[in-house]
Each structure stands twice: as C-alpha cells, then as structure tokens.
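The structure file entry.cif is reproduced below (mmCIF, C-alpha atoms).
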```
data_final
#
loop_
_atom_site.label_atom_id
_atom_site.label_comp_id
_atom_site.auth_asym_id
_atom_site.auth_seq_id
_atom_site.Cartn_x
_atom_site.Cartn_y
_atom_site.Cartn_z
CA MET A 1 105.23 95.00 132.18
CA ARG A 2 102.85 97.74 131.03
CA TYR A 3 99.96 96.84 128.73
CA PRO A 4 98.18 98.66 125.88
CA PRO A 5 94.99 100.55 126.75
CA PHE A 6 92.80 97.90 125.16
CA LEU A 7 94.15 95.34 127.65
CA ARG A 8 92.51 96.69 130.77
CA SER A 9 93.89 94.06 133.11
CA LYS A 10 96.65 91.54 133.36
CA SER A 11 94.08 88.77 133.78
CA LEU A 12 92.53 89.69 130.43
CA LEU A 13 95.92 89.49 128.75
CA VAL A 14 96.55 86.07 130.28
CA ALA A 15 93.14 84.88 129.14
CA LEU A 16 93.77 86.08 125.59
CA VAL A 17 97.15 84.39 125.43
CA LEU A 18 95.74 81.14 126.80
CA LEU A 19 92.84 81.18 124.38
CA SER A 20 95.10 81.93 121.45
CA SER A 21 97.70 79.38 122.43
CA VAL A 22 95.49 76.30 122.31
CA SER A 23 93.77 74.53 119.49
CA PRO A 24 90.01 73.96 119.47
CA GLY A 25 90.82 70.47 120.73
CA LEU A 26 92.69 69.57 123.88
CA ALA A 27 94.18 72.35 125.96
CA GLN A 28 97.56 70.66 126.00
CA ASP A 29 97.80 70.74 122.20
CA LYS A 30 100.31 73.21 120.81
CA PHE A 31 99.02 76.28 119.01
CA VAL A 32 99.51 75.58 115.29
CA TYR A 33 99.77 78.47 112.87
CA PRO A 34 98.51 78.20 109.31
CA SER A 35 101.28 78.15 106.73
CA TYR A 36 102.45 81.60 105.79
CA PRO A 37 101.27 83.06 102.44
CA LYS A 38 103.51 82.25 99.48
CA PRO A 39 103.55 83.60 95.92
CA GLY A 40 100.46 82.42 94.10
CA ASP A 41 98.39 81.86 97.26
CA THR A 42 94.86 83.20 97.13
CA LYS A 43 93.80 85.85 99.62
CA ARG A 44 90.92 84.77 101.85
CA ALA A 45 88.18 87.00 103.18
CA ASP A 46 87.85 85.10 106.46
CA VAL A 47 91.40 85.52 107.75
CA ASP A 48 92.02 86.55 111.34
CA ASN A 49 92.86 90.25 111.31
CA SER A 50 91.99 90.84 114.97
CA ARG A 51 95.46 91.87 116.19
CA ARG A 52 94.88 89.57 119.16
CA ILE A 53 98.06 88.67 120.99
CA VAL A 54 99.36 85.20 120.13
CA PRO A 55 102.44 83.16 121.05
CA ALA A 56 105.61 83.77 119.06
CA PRO A 57 105.80 81.58 115.95
CA PRO A 58 108.59 79.00 115.60
CA LYS A 59 111.90 80.56 114.59
CA ASP A 60 111.73 78.92 111.18
CA TYR A 61 108.13 79.99 110.49
CA TRP A 62 109.04 83.08 108.45
CA PRO A 63 111.91 82.75 105.93
CA PHE A 64 112.59 86.49 106.02
CA LEU A 65 115.47 88.37 107.60
CA GLY A 66 114.41 91.04 110.07
CA THR A 67 117.10 93.52 109.03
CA SER A 68 118.22 95.02 105.73
CA GLY A 69 121.87 95.43 106.70
CA PRO A 70 124.57 97.83 105.47
CA GLY A 71 123.62 98.04 101.81
CA ALA A 72 126.08 99.21 99.14
CA ALA A 73 126.80 101.94 96.64
CA VAL A 74 124.49 101.95 93.62
CA THR A 75 125.73 100.41 90.37
CA GLU A 76 124.28 100.36 86.88
CA GLU A 77 122.53 97.10 87.71
CA THR A 78 121.08 98.23 91.05
CA ALA A 79 119.92 101.63 89.79
CA ARG A 80 116.76 99.77 88.75
CA GLY A 81 114.88 96.89 90.31
CA GLY A 82 114.55 96.37 94.03
CA TRP A 83 111.75 94.85 96.09
CA VAL A 84 107.98 94.72 96.06
CA SER A 85 107.08 93.44 99.50
CA GLY A 86 103.79 92.19 100.86
CA LEU A 87 102.28 89.10 102.38
CA PHE A 88 101.50 87.74 98.91
CA ASP A 89 103.68 87.70 95.82
CA ILE A 90 106.90 89.15 97.23
CA LYS A 91 109.10 90.24 94.34
CA TYR A 92 112.79 90.99 93.89
CA LYS A 93 114.95 92.16 91.00
CA GLY A 94 118.66 92.42 91.65
CA PRO A 95 122.00 90.62 91.78
CA VAL A 96 121.70 88.89 95.18
CA PRO A 97 119.77 85.58 95.39
CA ARG A 98 116.92 85.63 97.89
CA ARG A 99 116.42 83.04 100.64
CA TYR A 100 112.64 83.15 100.18
CA ALA A 101 110.32 82.39 97.28
CA THR A 102 109.60 85.31 94.98
CA ALA A 103 106.93 86.04 92.39
CA PRO A 104 107.64 87.11 88.77
CA TRP A 105 108.85 90.70 88.53
CA ALA A 106 106.95 91.58 85.34
CA ASP A 107 107.41 95.33 84.70
CA ASP A 108 107.33 96.60 88.27
CA ASP A 109 110.10 99.17 87.75
CA SER A 110 108.69 100.42 84.45
CA GLY A 111 109.82 104.02 84.94
CA SER A 112 106.74 105.18 83.03
CA ALA A 113 106.52 108.33 85.18
CA VAL A 114 110.03 109.22 83.96
CA ALA A 115 109.15 108.49 80.34
CA ARG A 116 106.11 110.78 80.64
CA GLY A 117 108.23 113.60 82.06
CA LEU A 118 106.48 113.54 85.44
CA MET A 119 109.65 112.94 87.43
CA PRO A 120 113.40 112.95 86.78
CA ALA A 121 115.27 109.70 86.16
CA LEU A 122 116.10 109.33 89.82
CA ARG A 123 118.37 106.57 91.03
CA PRO A 124 118.52 105.26 94.58
CA ILE A 125 121.06 106.99 96.81
CA TRP A 126 121.98 103.62 98.34
CA ASP A 127 121.30 100.02 97.37
CA VAL A 128 119.41 98.76 100.42
CA HIS A 129 115.87 97.52 101.04
CA LEU A 130 114.27 100.50 102.79
CA ARG A 131 110.69 101.72 102.62
CA ASP A 132 109.30 105.01 103.97
CA THR A 133 112.65 106.80 103.68
CA ILE A 134 113.31 109.37 106.40
CA ILE A 135 116.39 111.61 106.48
CA CYS A 136 117.23 114.33 108.99
CA LEU A 137 120.19 116.66 109.50
CA GLY A 138 121.72 115.94 112.89
CA GLY A 139 123.35 118.26 115.38
CA ASP A 140 126.82 117.07 114.35
CA GLY A 141 126.36 118.09 110.70
CA ASN A 142 125.79 114.53 109.51
CA TYR A 143 122.63 113.17 107.93
CA TYR A 144 120.79 110.23 109.45
CA MET A 145 118.51 107.90 107.52
CA THR A 146 116.00 105.30 108.64
CA GLY A 147 112.77 103.74 107.45
CA THR A 148 110.97 100.43 107.34
CA THR A 149 113.54 97.66 106.89
CA GLY A 150 113.80 93.87 106.77
CA ASP A 151 112.97 91.44 103.98
CA ASN A 152 109.21 91.67 104.51
CA CYS A 153 107.77 94.22 106.93
CA TRP A 154 104.26 92.86 106.33
CA ALA A 155 105.34 89.86 108.42
CA LEU A 156 108.15 90.88 110.74
CA ASN A 157 111.29 92.91 111.30
CA ASP A 158 113.78 93.30 114.13
CA GLY A 159 113.37 96.99 114.89
CA ILE A 160 114.97 100.23 113.69
CA GLU A 161 118.14 100.43 111.59
CA LEU A 162 120.09 103.65 111.09
CA TYR A 163 122.45 104.98 108.41
CA LYS A 164 124.82 107.97 108.54
CA SER A 165 126.25 110.21 105.80
CA ALA A 166 128.28 113.40 105.60
CA ASP A 167 127.17 114.22 102.04
CA LEU A 168 123.96 112.25 101.23
CA LYS A 169 125.99 110.19 98.76
CA SER A 170 127.79 107.52 100.77
CA TRP A 171 126.19 105.89 103.81
CA ASP A 172 127.65 104.13 106.83
CA TYR A 173 125.60 101.54 108.66
CA LEU A 174 125.08 102.18 112.38
CA GLY A 175 123.21 98.92 112.85
CA LEU A 176 120.03 98.05 114.70
CA VAL A 177 119.86 101.02 117.07
CA TRP A 178 116.57 99.91 118.61
CA SER A 179 115.67 96.22 118.83
CA ILE A 180 112.18 94.92 119.49
CA GLU A 181 113.56 92.00 121.51
CA ARG A 182 116.24 93.95 123.37
CA ASP A 183 114.52 97.30 123.91
CA GLY A 184 110.81 96.82 123.30
CA THR A 185 107.98 96.51 125.82
CA TRP A 186 104.50 96.35 124.28
CA GLU A 187 106.11 96.06 120.84
CA LYS A 188 107.34 92.53 121.71
CA ASN A 189 103.85 91.06 121.32
CA TRP A 190 103.06 89.01 118.24
CA THR A 191 99.55 89.69 116.96
CA MET A 192 97.33 88.18 114.29
CA ARG A 193 97.32 90.22 111.09
CA ALA A 194 95.89 88.91 107.81
CA GLY A 195 95.74 85.40 109.27
CA VAL A 196 99.38 85.10 110.28
CA PRO A 197 101.57 86.14 113.26
CA PHE A 198 102.88 89.69 112.78
CA ARG A 199 105.47 91.84 114.57
CA SER A 200 107.00 94.75 112.71
CA ILE A 201 107.97 98.38 113.24
CA TRP A 202 106.55 100.48 110.43
CA ALA A 203 107.73 103.85 109.12
CA PRO A 204 110.06 104.88 111.97
CA GLU A 205 111.32 108.45 111.80
CA ILE A 206 114.41 110.09 113.28
CA HIS A 207 114.22 113.70 114.47
CA TYR A 208 116.82 116.02 115.98
CA ILE A 209 114.98 118.24 118.47
CA GLY A 210 116.34 120.39 121.28
CA GLY A 211 119.83 118.92 121.09
CA ASN A 212 118.75 115.27 121.19
CA TYR A 213 117.52 112.52 118.88
CA TYR A 214 114.01 111.06 118.89
CA LEU A 215 112.42 108.17 117.02
CA SER A 216 108.70 108.09 116.27
CA THR A 217 107.42 104.57 115.68
CA CYS A 218 104.32 102.46 115.14
CA VAL A 219 103.14 98.87 115.00
CA SER A 220 100.22 98.40 112.62
CA GLY A 221 96.97 97.68 114.43
CA VAL A 222 98.55 98.14 117.86
CA GLY A 223 99.66 101.75 118.22
CA MET A 224 102.37 104.39 118.18
CA GLY A 225 105.34 105.32 120.35
CA VAL A 226 108.11 107.91 120.73
CA LEU A 227 111.67 107.06 121.79
CA ARG A 228 114.51 109.30 123.04
CA SER A 229 118.25 108.74 122.96
CA THR A 230 119.68 108.39 126.47
CA THR A 231 123.13 109.54 125.33
CA GLY A 232 122.29 112.44 123.01
CA LYS A 233 123.77 110.35 120.19
CA PRO A 234 121.81 109.18 117.15
CA GLU A 235 122.79 105.55 117.74
CA GLY A 236 121.12 105.65 121.17
CA PRO A 237 120.34 103.64 123.21
CA TYR A 238 116.69 104.74 123.09
CA VAL A 239 113.93 104.56 125.69
CA HIS A 240 110.20 105.28 125.61
CA VAL A 241 109.01 108.78 126.42
CA LEU A 242 105.53 110.31 126.78
CA GLN A 243 104.19 106.95 128.00
CA GLU A 244 105.20 103.30 128.24
CA THR A 245 102.09 102.01 126.49
CA PRO A 246 100.94 102.77 122.92
CA ILE A 247 100.05 106.46 122.66
CA LYS A 248 97.01 105.60 120.59
CA GLY A 249 96.05 103.45 117.65
CA GLY A 250 97.28 104.51 114.25
CA ILE A 251 100.32 104.39 112.00
CA ASP A 252 102.91 106.75 110.52
CA SER A 253 103.53 108.94 113.56
CA THR A 254 105.67 112.03 113.00
CA LEU A 255 107.13 114.87 115.08
CA PHE A 256 107.23 118.54 114.14
CA GLU A 257 109.17 121.33 115.85
CA ASP A 258 107.82 124.83 115.18
CA ASP A 259 109.90 128.00 114.99
CA ASP A 260 109.11 128.79 118.63
CA GLY A 261 110.48 125.45 119.83
CA ARG A 262 107.08 123.89 120.51
CA VAL A 263 106.87 120.25 119.44
CA TYR A 264 103.87 118.35 118.09
CA LEU A 265 102.85 114.81 117.23
CA THR A 266 100.53 113.85 114.39
CA TYR A 267 100.03 110.63 112.45
CA GLY A 268 98.28 108.76 109.63
CA GLY A 269 96.08 111.09 107.58
CA ALA A 270 96.80 114.06 109.90
CA ALA A 271 93.28 114.43 111.23
CA GLN A 272 94.62 115.36 114.69
CA ILE A 273 97.68 116.89 116.30
CA ARG A 274 98.87 117.14 119.90
CA GLU A 275 101.51 119.31 121.57
CA ILE A 276 104.30 117.65 123.56
CA LYS A 277 105.97 119.11 126.63
CA ARG A 278 109.41 120.45 125.81
CA ASP A 279 111.12 117.90 128.04
CA PHE A 280 109.02 115.09 126.49
CA SER A 281 107.74 114.09 129.94
CA GLY A 282 104.18 114.05 128.60
CA PHE A 283 101.70 115.95 126.49
CA ALA A 284 101.09 119.67 126.91
CA GLY A 285 97.43 119.47 125.89
CA GLU A 286 94.73 117.34 124.34
CA TRP A 287 94.39 116.18 120.76
CA GLN A 288 93.24 118.98 118.47
CA THR A 289 91.51 118.69 115.11
CA ILE A 290 93.33 119.88 112.01
CA VAL A 291 91.00 121.90 109.80
CA TYR A 292 90.85 121.54 106.02
CA ASP A 293 89.04 123.83 103.60
CA MET A 294 89.20 122.21 100.19
CA PRO A 295 86.36 122.11 97.66
CA ALA A 296 85.30 118.80 96.20
CA ALA A 297 87.14 119.52 92.96
CA SER A 298 90.46 119.50 94.78
CA LEU A 299 89.81 115.93 95.93
CA ASP A 300 88.93 114.41 92.58
CA HIS A 301 92.00 112.18 92.71
CA ALA A 302 91.70 111.19 96.35
CA LYS A 303 90.54 107.83 97.56
CA PRO A 304 86.78 107.66 96.85
CA GLU A 305 85.94 107.16 100.53
CA LEU A 306 87.56 110.48 101.52
CA PRO A 307 84.79 113.10 101.52
CA PRO A 308 85.32 116.73 100.46
CA LYS A 309 87.02 118.92 103.08
CA ALA A 310 88.15 115.81 104.96
CA ARG A 311 91.93 115.80 104.79
CA VAL A 312 94.81 115.94 102.38
CA GLY A 313 95.59 112.20 102.18
CA PHE A 314 95.06 108.93 104.00
CA GLU A 315 98.46 108.05 105.57
CA GLY A 316 102.12 109.02 105.94
CA ALA A 317 101.66 112.44 107.55
CA THR A 318 104.54 114.93 107.42
CA LEU A 319 104.77 118.59 108.51
CA LEU A 320 107.22 121.31 107.58
CA LYS A 321 107.43 125.07 107.55
CA ALA A 322 108.85 127.03 104.62
CA ASN A 323 108.64 130.69 103.67
CA GLY A 324 106.48 131.36 106.71
CA ARG A 325 103.82 128.82 105.73
CA TYR A 326 102.90 125.44 107.17
CA TYR A 327 102.97 122.54 104.73
CA LEU A 328 101.07 119.42 105.62
CA GLY A 329 101.66 116.38 103.44
CA CYS A 330 99.93 113.00 103.39
CA CYS A 331 100.13 110.12 100.95
CA ASP A 332 97.45 109.29 98.41
CA PHE A 333 97.24 107.62 95.02
CA TYR A 334 96.94 109.78 91.91
CA GLU A 335 96.81 108.15 88.47
CA GLY A 336 98.30 105.05 90.09
CA ARG A 337 101.22 106.91 91.65
CA TYR A 338 101.81 106.87 95.39
CA SER A 339 102.54 110.54 96.03
CA PHE A 340 102.60 113.12 98.78
CA MET A 341 99.66 115.49 98.51
CA PHE A 342 100.39 118.84 100.11
CA ALA A 343 98.23 121.67 101.40
CA THR A 344 99.29 124.90 103.10
CA SER A 345 98.11 127.19 105.86
CA ASP A 346 99.20 130.28 107.77
CA HIS A 347 98.32 128.49 111.01
CA LEU A 348 99.38 125.12 112.38
CA LEU A 349 95.82 123.93 112.89
CA GLY A 350 94.66 125.24 109.53
CA PRO A 351 92.54 125.72 107.62
CA TYR A 352 94.74 124.01 105.01
CA ARG A 353 94.04 124.81 101.37
CA GLY A 354 95.54 124.33 97.92
CA ARG A 355 95.78 120.54 97.85
CA HIS A 356 98.26 119.46 95.16
CA GLU A 357 100.44 116.54 94.20
CA GLY A 358 104.07 117.10 95.09
CA PRO A 359 106.83 115.41 93.06
CA SER A 360 105.17 112.48 91.31
CA GLY A 361 105.59 109.16 93.09
CA GLY A 362 107.30 110.73 96.10
CA GLY A 363 104.98 109.37 98.76
CA GLY A 364 105.95 107.90 102.10
CA GLY A 365 108.86 109.77 103.65
CA ASN A 366 109.67 113.35 104.59
CA VAL A 367 110.94 116.75 103.48
CA PHE A 368 114.11 118.27 104.96
CA ARG A 369 116.61 121.07 104.39
CA ASP A 370 120.32 120.34 104.00
CA LYS A 371 123.36 122.23 105.27
CA SER A 372 123.42 124.49 102.20
CA GLY A 373 119.72 125.37 102.43
CA THR A 374 118.50 123.08 99.64
CA TRP A 375 115.15 121.41 100.23
CA TRP A 376 114.81 117.67 99.55
CA GLN A 377 111.95 115.21 99.42
CA THR A 378 112.64 111.54 100.01
CA TYR A 379 111.45 108.78 97.68
CA PHE A 380 111.29 105.01 98.01
CA GLY A 381 109.41 103.79 94.93
CA ASN A 382 106.03 102.41 96.00
CA ASP A 383 104.33 101.95 92.64
CA ASN A 384 105.19 100.43 89.27
CA GLN A 385 105.57 103.81 87.54
CA MET A 386 108.84 104.30 89.41
CA PRO A 387 112.27 103.37 87.97
CA PHE A 388 113.23 101.45 91.17
CA ARG A 389 111.32 99.90 94.08
CA GLU A 390 111.70 100.14 97.85
CA LYS A 391 115.10 101.80 97.95
CA PRO A 392 115.98 105.24 99.38
CA ALA A 393 116.15 108.17 96.94
CA LEU A 394 116.11 111.95 96.93
CA ALA A 395 114.60 114.67 94.75
CA ALA A 396 115.55 118.32 95.13
CA ILE A 397 112.45 120.49 95.52
CA THR A 398 111.49 124.14 95.62
CA PHE A 399 108.28 126.18 95.95
CA ASP A 400 106.58 127.90 93.03
CA ALA A 401 104.83 131.28 93.00
CA ALA A 402 101.61 129.70 94.28
CA GLY A 403 103.50 128.08 97.13
CA ASN A 404 103.21 124.56 95.72
CA VAL A 405 105.92 121.95 96.27
CA VAL A 406 107.61 121.34 92.91
CA LEU A 407 110.75 119.71 91.55
CA ALA A 408 113.88 121.86 91.36
CA LYS A 409 115.50 122.32 87.97
CA GLU A 410 118.76 120.68 89.03
CA GLN A 411 118.55 117.09 90.27
CA PRO A 412 121.92 115.83 91.57
CA PHE A 413 120.65 112.26 91.98
CA ALA A 414 119.07 111.91 88.54
CA LEU A 415 120.66 109.43 86.16
CA LYS A 416 121.96 110.37 82.78
CA LEU A 417 120.73 108.36 79.82
CA GLY A 418 123.20 107.03 77.29
CA ALA A 419 122.71 105.66 73.82
CA GLU A 420 119.26 104.20 73.13
CA GLY A 421 118.04 105.44 76.48
CA ARG A 422 120.27 103.12 78.52
CA VAL A 423 121.18 104.28 82.00
CA LYS A 424 124.81 105.18 82.56
CA THR A 425 126.61 103.87 85.64
CA PRO A 426 126.20 106.35 88.54
#
```
Written as structure tokens, that's how I'd like the structure from this file.
Amino acid sequence: MRYPPFLRSKSLLVALVLLSSVSPGLAQDKFVYPSYPKPGDTKRADVDNSRRIVPAPPKDYWPFLGTSGPGAAVTEETARGGWVSGLFDIKYKGPVPRRYATAPWADDDSGSAVARGLMPALRPIWDVHLRDTIICLGGDGNYYMTGTTGDNCWALNDGIELYKSADLKSWDYLGLVWSIERDGTWEKNWTMRAGVPFRSIWAPEIHYIGGNYYLSTCVSGVGMGVLRSTTGKPEGPYVHVLQETPIKGGIDSTLFEDDDGRVYLTYGGAAQIREIKRDFSGFAGEWQTIVYDMPAASLDHAKPELPPKARVGFEGATLLKANGRYYLGCCDFYEGRYSFMFATSDHLLGPYRGRHEGPSGGGGGNVFRDKSGTWWQTYFGNDNQMPFREKPALAAITFDAAGNVVLAKEQPFALKLGAEGRVKTP
C-alpha cells in the first residue's frame, strides 16, 4: 500500500491507527465512536477535525446510502424540492420516504431568485440526488454526467456514479464506475471530520481528453487524485495516474485541455495550476501561480477574508476557453446565492480581470459546449433562493459584448408557469 505524504512511514501509520483504535482506558477496549449528529443536535467547537485515520465504523453507524442510484424523469412534484445535506439538519422534500431522520424543510426551495428575475424557472434535468453537477461531451457523441452522490456526502459515499444521455433530457444509469472499496487505495481510509468518521468522494469530474476518459477526484482534508479509464470507455474501469498517493491537499480538482492539446490541473480557489504530461505519466512542470488583477471594488461581494487581487472565488474551480479568451470560474456567495464568479484573461496564467457573477445560483459544476455548439452551465441548487435543491440542472449561456458569462435568451430546461404561477408538468 502507498501512503499519503503526511504519513512519512508505515510505522507512523500503524501508531496512528493503534492510538485511534483504543479508548483512553484499557488497550483491549474497542474504539467507540460518538453518536452521529442528528437533526436538532448542537454543533460543538471542540470536535475532532484532525482527519486522523481511524478504524472503519460499524456498518450500521451511518443510516445513509452511499449511492444515489438511477434516478427518474422529472415530474410536476419533483420539479421542486430535493435535498439539503450536511452533518446537521439533513432535509428532504419529495415523494420517497427517507430511511434517516430529517429536519423540517421550511422554505428551502423558495425560488426567490426566479421571482426576482435573476434566473429562469429552471427545473432539474433528472430527479436524482446529485451535487456539484459535471457534464461532458464524450467521444461517442453521448453526454456523461457525474457529481457528488449518496444520501449524505458529509459523512460517506461509495465512490463515483455515472449517467449517460444522448440528448441531455433522458439519462441512463451506468452505475458505480469507481468504488472506494473495490478500486481505492489511500481513499479507503476513514478519517475524523467534525467529530465523526468520514469517507467520501467530493465533486468528481469526468473529462474526455486525448481519446480517453479521466476522473478528477478529492477527499476533503486528505487530498486529490486523477483516474484514467483502462478501456477507453467512460464506464472504466479506472486506475490512478500521475501518482498513487494524494497529489496534494485541497478539494474540487479539475482538468483543462487547451487548444494546443496541453493539459492542466487546478483546484479549489484556483490559486495554482500545473501542467500534466500528455500521456498522464506525471507532471510536466511545477505548480505555477495564477495571477489576478482585480481592484477592491470588484471583490465587494466576496468572502470578507479574501483580500483584493487574491482570486476570483474560494472553491469549485473550473476553466474554459471561449472566443479566444480564458475563463476561470470559482464559487462564492453573492447576496446569499452560491454562484460561479468568472474572470477572463488572454493568457492561461493571467492576469485575470473583470470578475463578475455568472448565472445566479449556478455555483459548483462546470461549463461545456454541446454537439450543436450551444454553451451550457450546470446547476445543482445549493442555496434557498433556488427552486430545487441538490439535483442536476442546466442553463444555456452566452457571452455579452464585455465578454461576461450571461444567460441565453432561450432556456430549454426552464419550466412554464400556469395559472396562479403554478408550475406545469415538464
């Protein structure tokens, strides 16, 4: 087995496991986890957030399923509602009873951003629990979708699920194409996060590069990885490339292929970027700093701790190239909405300027071009101004005269409103 960089020796790993697997009392006592957080529990400031490796919890410790499954076509009922996941106060609004305790929904799919005219009345493209929606056009002309799945990714999930569509409207389930238990190495470790055992793949992305399929992955607090299909097929199987240990700490890793075929990896708030060898046997250079040139006024709706000229957002990095310009997007909150903030540059490394909010509430996903040339931005509904929560959705986008990312006039996946503002069945 190969170990993460912070575990410098096998003996250190063994010591950590032994220390974490015994109680303060007798060494032969079993390691006992605290009960998992339930709706109404109070968050504590002294919880263990060390990410130290611990033994796997009992199979019945978490009540959550580690996969989201096939999903279904959207109906009038499932055009709203969805999930609000988290360690505390997990919520659900929909027709299928949950196997775990949920908190009151309140008005978490208020749709206030629609009512204010900030976004179209989007509906999900598929009724399935999926955060961080990623869609790419494959080499076979089909679209492939993935993202963070499972009942509660803040606790656990089983790995990476994949969906396939010929038209972006109806989706076939390809199953769990990469399993932590079956295919993982360092990802198999359970670690302490927020006082409980945690093991979950966050924000996986699928990319079609150089005639093959790649998955970029991360485990919060542990690190990032890149996987390659061994068959040239999107369903894999997949193996680690670049290195067998975490590439580095961080979340939300993403790949970008430039017009000249060179491939890059960035992550999180896109502070750094690194070129990858074309055969993915390793890196072609060191990490390089991405340069931003944005006056303080352009950051007035950023997180307060982000200083002027720092970066465009704090997580969820994505890169694209359109009309000869590089677009770098990262997620940030603006007026309570979780949105992609974009900035542009004539050069990959910057300087990036013109920070602006893309389609309102469209944070955490990617931008891609379909077979007809239309540009799309993915949604998943990560704040209560959205008309649905934690389901995949799409908004057609274009670029205005200033080069900003804006909503297109026609929105094929927007709902029509009937009498008294009621949503018609899709």
Distance query Tyr36 of chain A at most 10 Å, all atoms listed in the file, self and fewer than 3 positions along chain excluded, as a list of chain:residue names = A:Tyr33, A:Asp41, A:Tyr61, A:Trp62, A:Pro63, A:Leu87, A:Phe88, A:Ala155, A:Gly195, A:Val196, A:Pro197
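Rounded to one decimal, atom CA of Gln243 of chain A and atom CA of Val226 of chain A lie 8.3 Å from each other.
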query = Residues around (105.2, 112.8, 129.0), cut-off 10 Å, counting only C-alpha atoms - what are they as a list in words?
reply =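 Protein and nucleic acid residues near the point are His240, Val241, Leu242, Gln243, Glu244, Ile276, Lys277, Arg278, Asp279, Phe280, Ser281, Gly282, Phe283 and Ala284 of chain A.
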ask   = How far is it from atom CA of Thr146 of chain A to atom CA of Ile134 of chain A, in Å with one decimal?
value =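 So the answer is 5.4 Å.
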message = Just want the 8 Å neighbourhood of Trp105 of chain A, counted on only C-alpha atoms, with same-chain residues fewer than 3 positions away dropped. Output as a ChimeraX atom specification.
response = /A:91-93,108
Contact residues around segment 364-373 of chain A with all atoms listed in the file at 6 Å, ignoring same-chain residues under 6 positions, as a PDB file with C-alpha atoms, keeping the file's coordinate frame:
```
ATOM      1  CA  ASP A 132     109.300 105.010 103.970  1.00  0.00           C
ATOM      2  CA  THR A 133     112.650 106.800 103.680  1.00  0.00           C
ATOM      3  CA  ILE A 134     113.310 109.370 106.400  1.00  0.00           C
ATOM      4  CA  GLY A 316     102.120 109.020 105.940  1.00  0.00           C
TER       5      GLY A 316
END
```
task = Between atom CA of Ala396 of chain A and atom CA of Asp167 of chain A, measure the distance and give it in Å to one decimal.
result =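 Between atom CA of Ala396 of chain A and atom CA of Asp167 of chain A the gap works out to 14.1 Å.
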key: Target residues per the PyMOL selection byres ((chain A and resi 321) around 10), formatted as JSON, numbers by chain   = {"A": [256, 257, 258, 259, 319, 320, 322, 323, 324, 325, 326, 327, 328, 344, 345, 346, 348, 367, 368]}
Can I get the selected residues back with C-alpha atoms, as a compact mmCIF listing (two decimals), keeping the file's coordinate frame?
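The new file again-v4.txt reads:
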```
# COMPACT_ATOMS: atom_id res chain seq x y z
CA PHE A 256 107.23 118.54 114.14
CA GLU A 257 109.17 121.33 115.85
CA ASP A 258 107.82 124.83 115.18
CA ASP A 259 109.90 128.00 114.99
CA LEU A 319 104.77 118.59 108.51
CA LEU A 320 107.22 121.31 107.58
CA ALA A 322 108.85 127.03 104.62
CA ASN A 323 108.64 130.69 103.67
CA GLY A 324 106.48 131.36 106.71
CA ARG A 325 103.82 128.82 105.73
CA TYR A 326 102.90 125.44 107.17
CA TYR A 327 102.97 122.54 104.73
CA LEU A 328 101.07 119.42 105.62
CA THR A 344 99.29 124.90 103.10
CA SER A 345 98.11 127.19 105.86
CA ASP A 346 99.20 130.28 107.77
CA LEU A 348 99.38 125.12 112.38
CA VAL A 367 110.94 116.75 103.48
CA PHE A 368 114.11 118.27 104.96
```
request  = Determine, counting only C-alpha atoms, which protein, DNA and RNA residues have an atom within 10 Å of an atom of Thr78 of chain A; residues of the same chain fewer than 5 positions away are not included. Present the result as a PyMOL selection string.
outcome  = chain A and resi 72-73+93-95+123-124+126-128+388+391+425-426
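Closest to Lys38 of chain A among A:Thr75, A:Asn157, A:Asp151, A:Thr102 is A:Thr102, based on all atoms listed in the file.
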Within 8 Å of Ala317 of chain A using all atoms listed in the file, minus same-chain residues under 3 positions, as a PDB file with C-alpha atoms, in the coordinates of the input:
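File produced: part-v7.pdb:
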```
ATOM      1  CA  ASP A 252     102.910 106.750 110.520  1.00  0.00           C
ATOM      2  CA  SER A 253     103.530 108.940 113.560  1.00  0.00           C
ATOM      3  CA  THR A 254     105.670 112.030 113.000  1.00  0.00           C
ATOM      4  CA  THR A 266     100.530 113.850 114.390  1.00  0.00           C
ATOM      5  CA  TYR A 267     100.030 110.630 112.450  1.00  0.00           C
ATOM      6  CA  GLY A 268      98.280 108.760 109.630  1.00  0.00           C
ATOM      7  CA  GLY A 269      96.080 111.090 107.580  1.00  0.00           C
ATOM      8  CA  ALA A 270      96.800 114.060 109.900  1.00  0.00           C
ATOM      9  CA  LEU A 328     101.070 119.420 105.620  1.00  0.00           C
ATOM     10  CA  GLY A 329     101.660 116.380 103.440  1.00  0.00           C
ATOM     11  CA  CYS A 330      99.930 113.000 103.390  1.00  0.00           C
ATOM     12  CA  CYS A 331     100.130 110.120 100.950  1.00  0.00           C
TER      13      CYS A 331
END
```
